[in-house]
>>> print(open('my_file_13.pdb').read())   # PDB, C-alpha atoms, pLDDT in the B column
ATOM      1  CA  MET A 146       0.000   0.000   0.000  1.00 49.00           C
ATOM      2  CA  ALA A 147       1.382   3.395  -0.954  1.00 55.00           C
ATOM      3  CA  LYS A 148       2.398   5.775   1.793  1.00 60.00           C
ATOM      4  CA  ASP A 149       0.077   8.436   0.402  1.00 68.00           C
ATOM      5  CA  SER A 150      -2.954   6.112   0.298  1.00 72.00           C
ATOM      6  CA  PRO A 151      -6.119   7.749   1.710  1.00 81.00           C
ATOM      7  CA  ILE A 152      -6.565   4.791   4.086  1.00 76.00           C
ATOM      8  CA  GLN A 153      -3.998   2.790   6.012  1.00 69.00           C
ATOM      9  CA  PHE A 154      -4.282   0.208   8.814  1.00 63.00           C
ATOM     10  CA  LYS A 155      -2.046  -0.159  11.845  1.00 64.00           C
ATOM     11  CA  GLY A 156      -2.213  -2.311  14.963  1.00 58.00           C
ATOM     12  CA  THR A 157      -2.757  -0.606  18.323  1.00 59.00           C
ATOM     13  CA  ALA A 158      -2.581  -1.434  22.031  1.00 57.00           C
ATOM     14  CA  LEU A 159      -5.975   0.163  22.722  1.00 62.00           C
ATOM     15  CA  LYS A 160      -7.508  -1.020  25.987  1.00 67.00           C
ATOM     16  CA  ILE A 161     -10.965  -2.622  25.754  1.00 76.00           C
ATOM     17  CA  ILE A 162     -13.013  -3.213  28.909  1.00 79.00           C
ATOM     18  CA  GLN A 163     -14.977  -6.466  29.075  1.00 80.00           C
ATOM     19  CA  ALA A 164     -18.274  -5.580  30.778  1.00 83.00           C
ATOM     20  CA  GLN A 165     -19.985  -8.702  32.094  1.00 82.00           C
ATOM     21  CA  MET A 166     -23.723  -8.156  31.667  1.00 86.00           C
ATOM     22  CA  ARG A 167     -26.350 -10.371  33.302  1.00 86.00           C
ATOM     23  CA  THR A 168     -29.419  -8.504  32.081  1.00 89.00           C
ATOM     24  CA  THR A 169     -30.590  -5.995  29.469  1.00 89.00           C
ATOM     25  CA  GLU A 170     -33.181  -4.328  31.717  1.00 88.00           C
ATOM     26  CA  ILE A 171     -32.455  -0.604  31.796  1.00 88.00           C
ATOM     27  CA  ASP A 172     -33.737   0.009  35.347  1.00 89.00           C
ATOM     28  CA  VAL A 173     -31.664  -2.851  36.774  1.00 87.00           C
ATOM     29  CA  LEU A 174     -28.525  -1.733  34.933  1.00 87.00           C
ATOM     30  CA  HIS A 175     -29.042   1.881  36.002  1.00 85.00           C
ATOM     31  CA  ALA A 176     -29.306   0.842  39.662  1.00 84.00           C
ATOM     32  CA  ALA A 177     -26.187  -1.337  39.380  1.00 82.00           C
ATOM     33  CA  LEU A 178     -24.166   1.470  37.793  1.00 80.00           C
ATOM     34  CA  ASP A 179     -25.330   3.825  40.502  1.00 77.00           C
ATOM     35  CA  GLU A 180     -24.040   1.384  43.152  1.00 75.00           C
ATOM     36  CA  LEU A 181     -20.692   0.869  41.433  1.00 73.00           C
ATOM     37  CA  THR A 182     -19.884   4.219  39.854  1.00 72.00           C
ATOM     38  CA  GLY A 183     -22.362   6.699  41.302  1.00 69.00           C
ATOM     39  CA  ASN A 184     -23.294   7.267  37.617  1.00 65.00           C
ATOM     40  CA  SER A 185     -20.328   9.610  37.441  1.00 69.00           C
ATOM     41  CA  PRO A 186     -19.958  10.904  33.846  1.00 70.00           C
ATOM     42  CA  ASP A 187     -16.146  10.575  33.890  1.00 67.00           C
ATOM     43  CA  PHE A 188     -15.789   7.301  35.807  1.00 73.00           C
ATOM     44  CA  PHE A 189     -14.507   5.292  32.795  1.00 71.00           C
ATOM     45  CA  GLU A 190     -12.832   8.232  30.997  1.00 70.00           C
ATOM     46  CA  ASN A 191     -14.294   7.348  27.554  1.00 76.00           C
ATOM     47  CA  ASP A 192     -13.055   3.734  27.561  1.00 79.00           C
ATOM     48  CA  LEU A 193     -14.349   1.259  24.967  1.00 84.00           C
ATOM     49  CA  ALA A 194     -16.233  -1.853  26.112  1.00 84.00           C
ATOM     50  CA  VAL A 195     -17.359  -5.243  24.859  1.00 87.00           C
ATOM     51  CA  LEU A 196     -20.699  -6.207  26.439  1.00 89.00           C
ATOM     52  CA  ASP A 197     -20.284  -9.834  27.507  1.00 88.00           C
ATOM     53  CA  PHE A 198     -23.610 -11.657  27.950  1.00 89.00           C
ATOM     54  CA  SER A 199     -22.050 -15.143  28.215  1.00 85.00           C
ATOM     55  CA  GLY A 200     -23.275 -15.520  31.809  1.00 82.00           C
ATOM     56  CA  ALA A 201     -26.742 -14.012  31.254  1.00 85.00           C
ATOM     57  CA  LYS A 202     -29.887 -16.146  31.397  1.00 83.00           C
ATOM     58  CA  ASP A 203     -33.488 -15.642  30.234  1.00 83.00           C
ATOM     59  CA  LEU A 204     -32.813 -12.470  28.275  1.00 88.00           C
ATOM     60  CA  PRO A 205     -35.971 -10.827  26.847  1.00 86.00           C
ATOM     61  CA  ALA A 206     -36.700 -11.228  23.130  1.00 81.00           C
ATOM     62  CA  THR A 207     -36.440  -7.474  22.537  1.00 86.00           C
ATOM     63  CA  THR A 208     -33.881  -5.027  23.908  1.00 90.00           C
ATOM     64  CA  ASP A 209     -33.483  -1.265  23.582  1.00 91.00           C
ATOM     65  CA  TRP A 210     -29.814  -1.276  22.602  1.00 90.00           C
ATOM     66  CA  ALA A 211     -29.739   2.464  22.017  1.00 91.00           C
ATOM     67  CA  ALA A 212     -30.873   3.031  25.613  1.00 91.00           C
ATOM     68  CA  ILE A 213     -28.186   0.666  26.946  1.00 91.00           C
ATOM     69  CA  ARG A 214     -25.473   2.486  24.979  1.00 90.00           C
ATOM     70  CA  GLN A 215     -26.739   5.835  26.245  1.00 89.00           C
ATOM     71  CA  LEU A 216     -26.831   4.558  29.843  1.00 88.00           C
ATOM     72  CA  LEU A 217     -23.223   3.330  29.678  1.00 87.00           C
ATOM     73  CA  ARG A 218     -22.101   6.500  27.923  1.00 86.00           C
ATOM     74  CA  ALA A 219     -23.455   8.482  30.882  1.00 85.00           C
ATOM     75  CA  SER A 220     -20.666   6.866  32.963  1.00 82.00           C
ATOM     76  CA  GLY A 221     -18.024   7.468  30.279  1.00 82.00           C
ATOM     77  CA  LEU A 222     -18.135   3.944  28.814  1.00 83.00           C
ATOM     78  CA  HIS A 223     -18.600   3.482  25.049  1.00 88.00           C
ATOM     79  CA  ALA A 224     -20.073   0.113  24.023  1.00 88.00           C
ATOM     80  CA  ALA A 225     -18.357  -1.184  20.866  1.00 88.00           C
ATOM     81  CA  ALA A 226     -19.487  -4.815  20.446  1.00 89.00           C
ATOM     82  CA  THR A 227     -21.314  -7.731  22.089  1.00 91.00           C
ATOM     83  CA  LEU A 228     -20.311 -11.244  23.079  1.00 87.00           C
ATOM     84  CA  GLY A 229     -22.334 -14.345  23.963  1.00 88.00           C
ATOM     85  CA  LEU A 230     -25.775 -13.197  22.775  1.00 90.00           C
ATOM     86  CA  PRO A 231     -28.352 -15.563  21.212  1.00 87.00           C
ATOM     87  CA  THR A 232     -28.520 -15.306  17.416  1.00 88.00           C
ATOM     88  CA  GLU A 233     -31.645 -13.124  17.200  1.00 88.00           C
ATOM     89  CA  LEU A 234     -30.508 -10.704  19.890  1.00 88.00           C
ATOM     90  CA  ALA A 235     -27.028 -10.532  18.368  1.00 89.00           C
ATOM     91  CA  ALA A 236     -28.571  -9.593  15.007  1.00 90.00           C
ATOM     92  CA  ALA A 237     -30.673  -6.847  16.631  1.00 90.00           C
ATOM     93  CA  ALA A 238     -27.633  -5.514  18.498  1.00 90.00           C
ATOM     94  CA  GLU A 239     -25.635  -5.453  15.260  1.00 92.00           C
ATOM     95  CA  GLN A 240     -28.361  -3.392  13.590  1.00 90.00           C
ATOM     96  CA  ALA A 241     -27.998  -0.936  16.486  1.00 90.00           C
ATOM     97  CA  GLY A 242     -24.261  -0.627  15.825  1.00 90.00           C
ATOM     98  CA  LEU A 243     -22.969  -3.336  18.192  1.00 90.00           C
ATOM     99  CA  PRO A 244     -21.406  -6.145  16.120  1.00 91.00           C
ATOM    100  CA  ALA A 245     -20.953  -9.574  17.687  1.00 89.00           C
ATOM    101  CA  ILE A 246     -17.425 -10.868  18.338  1.00 87.00           C
ATOM    102  CA  SER A 247     -16.075 -14.185  19.601  1.00 84.00           C
ATOM    103  CA  ALA A 248     -14.400 -14.794  22.956  1.00 78.00           C
ATOM    104  CA  GLU A 249     -11.169 -15.617  21.106  1.00 76.00           C
ATOM    105  CA  ALA A 250     -11.148 -12.148  19.555  1.00 73.00           C
ATOM    106  CA  LEU A 251     -10.637 -10.558  22.988  1.00 67.00           C
ATOM    107  CA  SER A 252      -7.423 -12.442  23.640  1.00 63.00           C
ATOM    108  CA  ARG A 253      -6.103 -12.854  20.129  1.00 52.00           C
ATOM    109  CA  PRO A 254      -3.153 -10.536  19.397  1.00 49.00           C
ATOM    110  CA  SER A 255      -3.636  -8.351  16.373  1.00 46.00           C
ATOM    111  CA  ARG A 256      -1.607  -9.332  13.326  1.00 47.00           C
ATOM    112  CA  ALA A 257      -0.476  -6.821  10.794  1.00 43.00           C
ATOM    113  CA  LYS A 258      -1.302  -7.839   7.234  1.00 46.00           C
ATOM    114  CA  ALA A 259       1.781  -8.966   5.339  1.00 44.00           C
ATOM    115  CA  SER A 260       2.881  -6.296   2.922  1.00 47.00           C
ATOM    116  CA  GLU A 261       3.465  -6.993  -0.734  1.00 51.00           C
ATOM    117  CA  PRO A 262       7.061  -7.977  -1.544  1.00 56.00           C
ATOM    118  CA  ALA A 263       9.194  -5.100  -2.652  1.00 53.00           C
ATOM    119  CA  PRO A 264      10.424  -5.224  -6.250  1.00 56.00           C
ATOM    120  CA  SER A 265      13.916  -6.569  -6.628  1.00 60.00           C
ATOM    121  CA  VAL A 266      16.655  -4.037  -7.244  1.00 60.00           C
ATOM    122  CA  PRO A 267      20.149  -4.565  -8.598  1.00 61.00           C
ATOM    123  CA  PRO A 268      22.810  -4.890  -5.909  1.00 62.00           C
ATOM    124  CA  ALA A 269      24.503  -1.662  -4.995  1.00 60.00           C
ATOM    125  CA  ILE A 270      28.220  -1.224  -5.519  1.00 61.00           C
ATOM    126  CA  GLU A 271      29.975  -1.722  -2.229  1.00 65.00           C
ATOM    127  CA  THR A 272      31.694   1.346  -0.854  1.00 63.00           C
ATOM    128  CA  PRO A 273      33.825   1.676   2.265  1.00 66.00           C
ATOM    129  CA  PRO A 274      31.621   2.399   5.297  1.00 66.00           C
ATOM    130  CA  ALA A 275      31.682   5.925   6.618  1.00 64.00           C
ATOM    131  CA  PRO A 276      33.034   6.388  10.128  1.00 66.00           C
ATOM    132  CA  VAL A 277      30.265   5.993  12.705  1.00 61.00           C
ATOM    133  CA  GLN A 278      29.876   8.691  15.287  1.00 62.00           C
ATOM    134  CA  GLU A 279      28.734   7.247  18.590  1.00 63.00           C
ATOM    135  CA  LEU A 280      25.835   9.091  20.136  1.00 61.00           C
ATOM    136  CA  ALA A 281      24.515   8.827  23.647  1.00 66.00           C
ATOM    137  CA  PRO A 282      21.319   6.736  23.739  1.00 68.00           C
ATOM    138  CA  PRO A 283      18.126   8.734  24.272  1.00 68.00           C
ATOM    139  CA  PRO A 284      16.755   8.645  27.830  1.00 69.00           C
ATOM    140  CA  LEU A 285      14.191   5.911  28.437  1.00 62.00           C
ATOM    141  CA  PRO A 286      10.651   7.083  29.194  1.00 60.00           C
ATOM    142  CA  GLU A 287       9.708   6.860  32.843  1.00 55.00           C
ATOM    143  CA  PRO A 288       7.480   3.788  33.364  1.00 56.00           C
ATOM    144  CA  ALA A 289       3.930   4.288  34.533  1.00 52.00           C
ATOM    145  CA  PRO A 290       3.498   3.542  38.248  1.00 57.00           C
ATOM    146  CA  ARG A 291       2.167   0.052  38.964  1.00 84.00           C
ATOM    147  CA  THR A 292       1.205   0.956  42.523  1.00 91.00           C
ATOM    148  CA  VAL A 293      -0.337   4.161  43.839  1.00 93.00           C
ATOM    149  CA  THR A 294      -0.231   5.023  47.547  1.00 93.00           C
ATOM    150  CA  LEU A 295      -2.873   7.106  49.326  1.00 93.00           C
ATOM    151  CA  ASP A 296      -1.690   8.184  52.780  1.00 92.00           C
ATOM    152  CA  LYS A 297      -4.424  10.683  53.660  1.00 92.00           C
ATOM    153  CA  PRO A 298      -7.886   9.891  55.064  1.00 92.00           C
ATOM    154  CA  LEU A 299     -10.644   9.794  52.463  1.00 92.00           C
ATOM    155  CA  ARG A 300     -13.691  11.699  53.691  1.00 93.00           C
ATOM    156  CA  SER A 301     -17.363  11.056  52.938  1.00 91.00           C
ATOM    157  CA  GLY A 302     -18.206  11.986  49.344  1.00 89.00           C
ATOM    158  CA  GLN A 303     -14.582  11.744  48.152  1.00 91.00           C
ATOM    159  CA  ARG A 304     -13.399   9.245  45.534  1.00 91.00           C
ATOM    160  CA  PHE A 305      -9.895   8.054  44.633  1.00 94.00           C
ATOM    161  CA  TYR A 306      -9.205   6.053  41.437  1.00 93.00           C
ATOM    162  CA  ALA A 307      -5.890   4.280  40.782  1.00 91.00           C
ATOM    163  CA  LYS A 308      -6.149   3.804  37.016  1.00 90.00           C
ATOM    164  CA  GLY A 309      -4.092   0.949  35.586  1.00 90.00           C
ATOM    165  CA  SER A 310      -2.440   0.081  38.906  1.00 93.00           C
ATOM    166  CA  ASP A 311      -2.799  -1.323  42.414  1.00 95.00           C
ATOM    167  CA  LEU A 312      -3.804   0.968  45.263  1.00 96.00           C
ATOM    168  CA  ILE A 313      -2.338   1.012  48.774  1.00 96.00           C
ATOM    169  CA  VAL A 314      -4.270   3.023  51.369  1.00 96.00           C
ATOM    170  CA  THR A 315      -2.610   3.728  54.726  1.00 95.00           C
ATOM    171  CA  ALA A 316      -5.379   5.914  56.163  1.00 95.00           C
ATOM    172  CA  MET A 317      -9.061   5.450  56.958  1.00 95.00           C
ATOM    173  CA  VAL A 318     -11.659   5.264  54.190  1.00 95.00           C
ATOM    174  CA  SER A 319     -14.701   6.946  55.754  1.00 94.00           C
ATOM    175  CA  ALA A 320     -18.317   5.930  55.247  1.00 93.00           C
ATOM    176  CA  GLY A 321     -19.558   7.477  52.006  1.00 92.00           C
ATOM    177  CA  ALA A 322     -16.044   7.559  50.493  1.00 93.00           C
ATOM    178  CA  GLU A 323     -14.891   5.354  47.605  1.00 94.00           C
ATOM    179  CA  VAL A 324     -11.571   3.798  46.577  1.00 95.00           C
ATOM    180  CA  ILE A 325     -11.248   2.282  43.102  1.00 94.00           C
ATOM    181  CA  ALA A 326      -8.382   0.519  41.336  1.00 94.00           C
ATOM    182  CA  ASP A 327      -7.891  -1.442  38.122  1.00 93.00           C
ATOM    183  CA  GLY A 328      -5.709  -3.811  40.169  1.00 94.00           C
ATOM    184  CA  ASN A 329      -5.672  -4.841  43.842  1.00 96.00           C
ATOM    185  CA  ILE A 330      -6.675  -2.635  46.771  1.00 97.00           C
ATOM    186  CA  HIS A 331      -4.826  -2.802  50.107  1.00 97.00           C
ATOM    187  CA  VAL A 332      -6.325  -0.812  52.997  1.00 96.00           C
ATOM    188  CA  TYR A 333      -4.127  -0.805  56.106  1.00 95.00           C
ATOM    189  CA  ALA A 334      -6.772   1.031  58.125  1.00 95.00           C
ATOM    190  CA  PRO A 335     -10.542   0.843  58.708  1.00 95.00           C
ATOM    191  CA  LEU A 336     -12.436   0.409  55.422  1.00 96.00           C
ATOM    192  CA  ARG A 337     -15.826   2.005  56.085  1.00 94.00           C
ATOM    193  CA  GLY A 338     -16.839   3.185  52.610  1.00 93.00           C
ATOM    194  CA  ARG A 339     -16.749   1.430  49.250  1.00 94.00           C
ATOM    195  CA  ALA A 340     -13.877  -0.462  47.635  1.00 95.00           C
ATOM    196  CA  LEU A 341     -13.942  -1.496  43.952  1.00 95.00           C
ATOM    197  CA  ALA A 342     -10.987  -3.576  42.728  1.00 95.00           C
ATOM    198  CA  GLY A 343     -10.461  -4.855  39.183  1.00 93.00           C
ATOM    199  CA  ALA A 344     -12.482  -1.906  37.861  1.00 90.00           C
ATOM    200  CA  SER A 345     -11.429  -2.663  34.273  1.00 89.00           C
ATOM    201  CA  GLY A 346     -12.488  -6.309  34.518  1.00 88.00           C
ATOM    202  CA  ASP A 347      -9.518  -8.035  36.165  1.00 91.00           C
ATOM    203  CA  LYS A 348     -11.067 -11.107  37.827  1.00 91.00           C
ATOM    204  CA  HIS A 349      -7.818 -11.875  39.662  1.00 93.00           C
ATOM    205  CA  ALA A 350      -7.855  -8.602  41.583  1.00 95.00           C
ATOM    206  CA  ARG A 351      -8.395  -8.667  45.359  1.00 96.00           C
ATOM    207  CA  ILE A 352      -9.246  -6.359  48.227  1.00 97.00           C
ATOM    208  CA  PHE A 353      -7.338  -6.558  51.507  1.00 96.00           C
ATOM    209  CA  THR A 354      -8.148  -4.635  54.675  1.00 96.00           C
ATOM    210  CA  THR A 355      -7.043  -4.776  58.295  1.00 95.00           C
ATOM    211  CA  SER A 356     -10.526  -3.719  59.492  1.00 95.00           C
ATOM    212  CA  LEU A 357     -13.595  -4.580  57.405  1.00 95.00           C
ATOM    213  CA  GLU A 358     -16.422  -2.106  58.065  1.00 95.00           C
ATOM    214  CA  ALA A 359     -17.398  -1.504  54.413  1.00 94.00           C
ATOM    215  CA  GLU A 360     -20.655  -0.407  52.842  1.00 93.00           C
ATOM    216  CA  LEU A 361     -19.868  -2.146  49.516  1.00 94.00           C
ATOM    217  CA  VAL A 362     -17.059  -4.225  48.055  1.00 94.00           C
ATOM    218  CA  SER A 363     -16.633  -5.174  44.396  1.00 94.00           C
ATOM    219  CA  VAL A 364     -14.222  -7.163  42.226  1.00 94.00           C
ATOM    220  CA  ALA A 365     -14.455  -6.959  38.410  1.00 91.00           C
ATOM    221  CA  GLY A 366     -18.020  -5.673  38.593  1.00 88.00           C
ATOM    222  CA  LEU A 367     -19.409  -8.306  40.979  1.00 90.00           C
ATOM    223  CA  TYR A 368     -20.330  -6.622  44.244  1.00 90.00           C
ATOM    224  CA  ARG A 369     -21.740  -7.193  47.701  1.00 91.00           C
ATOM    225  CA  THR A 370     -23.380  -4.613  49.918  1.00 92.00           C
ATOM    226  CA  PHE A 371     -23.531  -4.566  53.714  1.00 91.00           C
ATOM    227  CA  GLU A 372     -26.725  -2.587  54.268  1.00 85.00           C
ATOM    228  CA  SER A 373     -27.317  -4.353  57.581  1.00 85.00           C
ATOM    229  CA  GLY A 374     -23.671  -4.165  58.547  1.00 88.00           C
ATOM    230  CA  VAL A 375     -20.765  -6.548  58.093  1.00 91.00           C
ATOM    231  CA  PRO A 376     -21.411 -10.053  59.561  1.00 91.00           C
ATOM    232  CA  ALA A 377     -20.294 -10.318  63.182  1.00 92.00           C
ATOM    233  CA  ASP A 378     -17.506 -12.823  62.446  1.00 91.00           C
ATOM    234  CA  LEU A 379     -15.941 -10.401  59.942  1.00 93.00           C
ATOM    235  CA  ALA A 380     -16.795  -6.984  61.390  1.00 93.00           C
ATOM    236  CA  ARG A 381     -13.716  -4.875  62.218  1.00 94.00           C
ATOM    237  CA  GLN A 382     -11.505  -7.875  61.424  1.00 95.00           C
ATOM    238  CA  PRO A 383      -8.774  -8.362  58.802  1.00 96.00           C
ATOM    239  CA  ALA A 384     -10.387  -9.710  55.643  1.00 95.00           C
ATOM    240  CA  THR A 385      -9.802 -10.362  51.953  1.00 96.00           C
ATOM    241  CA  ILE A 386     -12.323 -10.187  49.113  1.00 95.00           C
ATOM    242  CA  CYS A 387     -11.874 -12.051  45.830  1.00 95.00           C
ATOM    243  CA  LEU A 388     -13.680 -13.974  43.077  1.00 94.00           C
ATOM    244  CA  VAL A 389     -13.864 -17.764  42.984  1.00 92.00           C
ATOM    245  CA  GLU A 390     -15.183 -19.981  40.212  1.00 87.00           C
ATOM    246  CA  ASP A 391     -18.360 -21.847  41.162  1.00 82.00           C
ATOM    247  CA  GLY A 392     -19.932 -24.096  38.534  1.00 80.00           C
ATOM    248  CA  GLY A 393     -18.501 -22.060  35.678  1.00 78.00           C
ATOM    249  CA  GLU A 394     -19.600 -18.737  37.176  1.00 84.00           C
ATOM    250  CA  SER A 395     -17.669 -16.231  39.253  1.00 86.00           C
ATOM    251  CA  ARG A 396     -18.763 -15.671  42.854  1.00 90.00           C
ATOM    252  CA  LEU A 397     -17.604 -12.939  45.243  1.00 93.00           C
ATOM    253  CA  THR A 398     -16.280 -14.231  48.569  1.00 93.00           C
ATOM    254  CA  VAL A 399     -15.320 -12.435  51.779  1.00 94.00           C
ATOM    255  CA  THR A 400     -13.021 -14.402  54.108  1.00 93.00           C
ATOM    256  CA  PRO A 401     -10.981 -13.674  57.259  1.00 93.00           C
ATOM    257  CA  LEU A 402      -7.365 -12.714  56.720  1.00 87.00           C
ATOM    258  CA  ALA A 403      -4.843 -14.265  59.107  1.00 82.00           C
ATOM    259  CA  LEU A 404      -2.179 -11.699  59.954  1.00 75.00           C
ATOM    260  CA  ARG A 405      -0.459 -13.795  62.624  1.00 71.00           C
TER     261      ARG A 405
END
>>> encode(input="my_file_13.pdb", output="structure tokens")
Amino acid sequence: MAKDSPIQFKGTALKIIQAQMRTTEIDVLHAALDELTGNSPDFFENDLAVLDFSGAKDLPATTDWAAIRQLLRASGLHAAATLGLPTELAAAAEQAGLPAISAEALSRPSRAKASEPAPSVPPAIETPPAPVQELAPPPLPEPAPRTVTLDKPLRSGQRFYAKGSDLIVTAMVSAGAEVIADGNIHVYAPLRGRALAGASGDKHARIFTTSLEAELVSVAGLYRTFESGVPADLARQPATICLVEDGGESRLTVTPLALR
């Protein structure tokens, strides 16, 4: 393809969020987003998402896909495709601008199309090499932090998001406050607000705290609320929250954490 062609294709490392959807009901999805993101318009910072319905059951025959896209867009998430839908629903979603993709497409590395072979040229006449002037190598870019530390108390109504990294909190997370991370969350203080780990879909993320007093905990979109308070055997105790596979489905578990 010529360099001056009006269209060219290149591979990218663009991040795609895999949003696990268990329903297409707008009211239910709106309530769930409110719990997890507070319906904040910049929560996802215009990330792209594949809507994964592989774990959904008894989906209705008709779905307002435009309303679902608008609902997700209100939190800064742009739906780009679907996965795991029945044939008829997948066709309807595609008509609404959400093409169906396979599970393999999410993990398959992009391959650049092989270019046409260059025409052969006659060998050049060898000439003595010019002296090479050694130059100092350019400075390497500073790597993005893999862990972010928050050492100040988070008050009610405040939110802290560690995008693309783990989060370590060494001060109290007050009731009504929210800590979010794409990786793990470690809270070495009372956790009284909300903690959302694996915010971009990492099922292996975990939450650790030395004193569990939370209102809500979530890993990769699966959450548990404590409206009636944390169970007595876990309240104000060290605990860890993670996902476990149960019959082919992910389940959120909260277990004591032995520190001694």
>>> resolve_selection(input="my_file_13.pdb", expression="the PyMOL selection byres ((chain A and resi 383) around 12)", output="MDAnalysis selection string")
chainID A and resid 331:336 352:359 378:382 384:386 399:405
>>> resolve_selection(input="my_file_13.pdb", expression="the PyMOL selection byres ((chain A and resi 203-214) around 10)", output="PyMOL selection string")
chain A and resi 167-171+174-175+198+201-202+215-219+222-225+230-231+233-234+237-243
>>> atom_distance(input="my_file_13.pdb", atom1="CA of Glu323 in chain A", atom2="CA of Gln165 in chain A")
21.5 Å
>>> residues_around(input="my_file_13.pdb", residues="Tyr368 in chain A", least_positions_apart="4", cutoff="9 Å", atoms="only C-alpha atoms", output="JSON, numbers by chain")
{"A": [180, 181, 341, 361, 362, 363, 364, 397]}
>>> closest_residue(input="my_file_13.pdb", among="A:Lys308, A:Arg300, A:Arg337, A:Arg291", to="Phe188 in chain A", atoms="all atoms listed in the file")
A:Lys308
>>> build_atoms(input="my_file_13.pdb", residues="range 220-234 of chain A", atoms="N, CA and C atoms", output="CSV table (one decimal), keeping the file's coordinate frame")
chain,number,residue,atom,x,y,z
A,220,SER,N,-21.8,7.1,32.0
A,220,SER,CA,-20.7,6.9,33.0
A,220,SER,C,-19.3,6.9,32.3
A,221,GLY,N,-19.3,7.4,31.0
A,221,GLY,CA,-18.0,7.5,30.3
A,221,GLY,C,-17.6,6.2,29.6
A,222,LEU,N,-18.5,5.2,29.4
A,222,LEU,CA,-18.1,3.9,28.8
A,222,LEU,C,-18.8,3.8,27.5
A,223,HIS,N,-18.1,3.5,26.4
A,223,HIS,CA,-18.6,3.5,25.0
A,223,HIS,C,-18.7,2.0,24.6
A,224,ALA,N,-19.9,1.5,24.5
A,224,ALA,CA,-20.1,0.1,24.0
A,224,ALA,C,-19.7,0.0,22.6
A,225,ALA,N,-18.9,-1.0,22.2
A,225,ALA,CA,-18.4,-1.2,20.9
A,225,ALA,C,-18.8,-2.5,20.2
A,226,ALA,N,-19.1,-3.5,21.0
A,226,ALA,CA,-19.5,-4.8,20.4
A,226,ALA,C,-20.2,-5.6,21.5
A,227,THR,N,-20.7,-6.8,21.1
A,227,THR,CA,-21.3,-7.7,22.1
A,227,THR,C,-20.7,-9.1,22.0
A,228,LEU,N,-20.9,-9.9,23.0
A,228,LEU,CA,-20.3,-11.2,23.1
A,228,LEU,C,-21.3,-12.2,23.8
A,229,GLY,N,-21.5,-13.3,23.3
A,229,GLY,CA,-22.3,-14.3,24.0
A,229,GLY,C,-23.8,-14.2,23.9
A,230,LEU,N,-24.3,-13.4,22.9
A,230,LEU,CA,-25.8,-13.2,22.8
A,230,LEU,C,-26.4,-14.3,21.9
A,231,PRO,N,-27.7,-14.7,22.1
A,231,PRO,CA,-28.4,-15.6,21.2
A,231,PRO,C,-28.4,-14.9,19.8
A,232,THR,N,-28.6,-15.8,18.8
A,232,THR,CA,-28.5,-15.3,17.4
A,232,THR,C,-29.4,-14.1,17.1
A,233,GLU,N,-30.7,-14.2,17.5
A,233,GLU,CA,-31.6,-13.1,17.2
A,233,GLU,C,-31.3,-11.8,17.9
A,234,LEU,N,-30.9,-11.9,19.2
A,234,LEU,CA,-30.5,-10.7,19.9
A,234,LEU,C,-29.2,-10.1,19.3
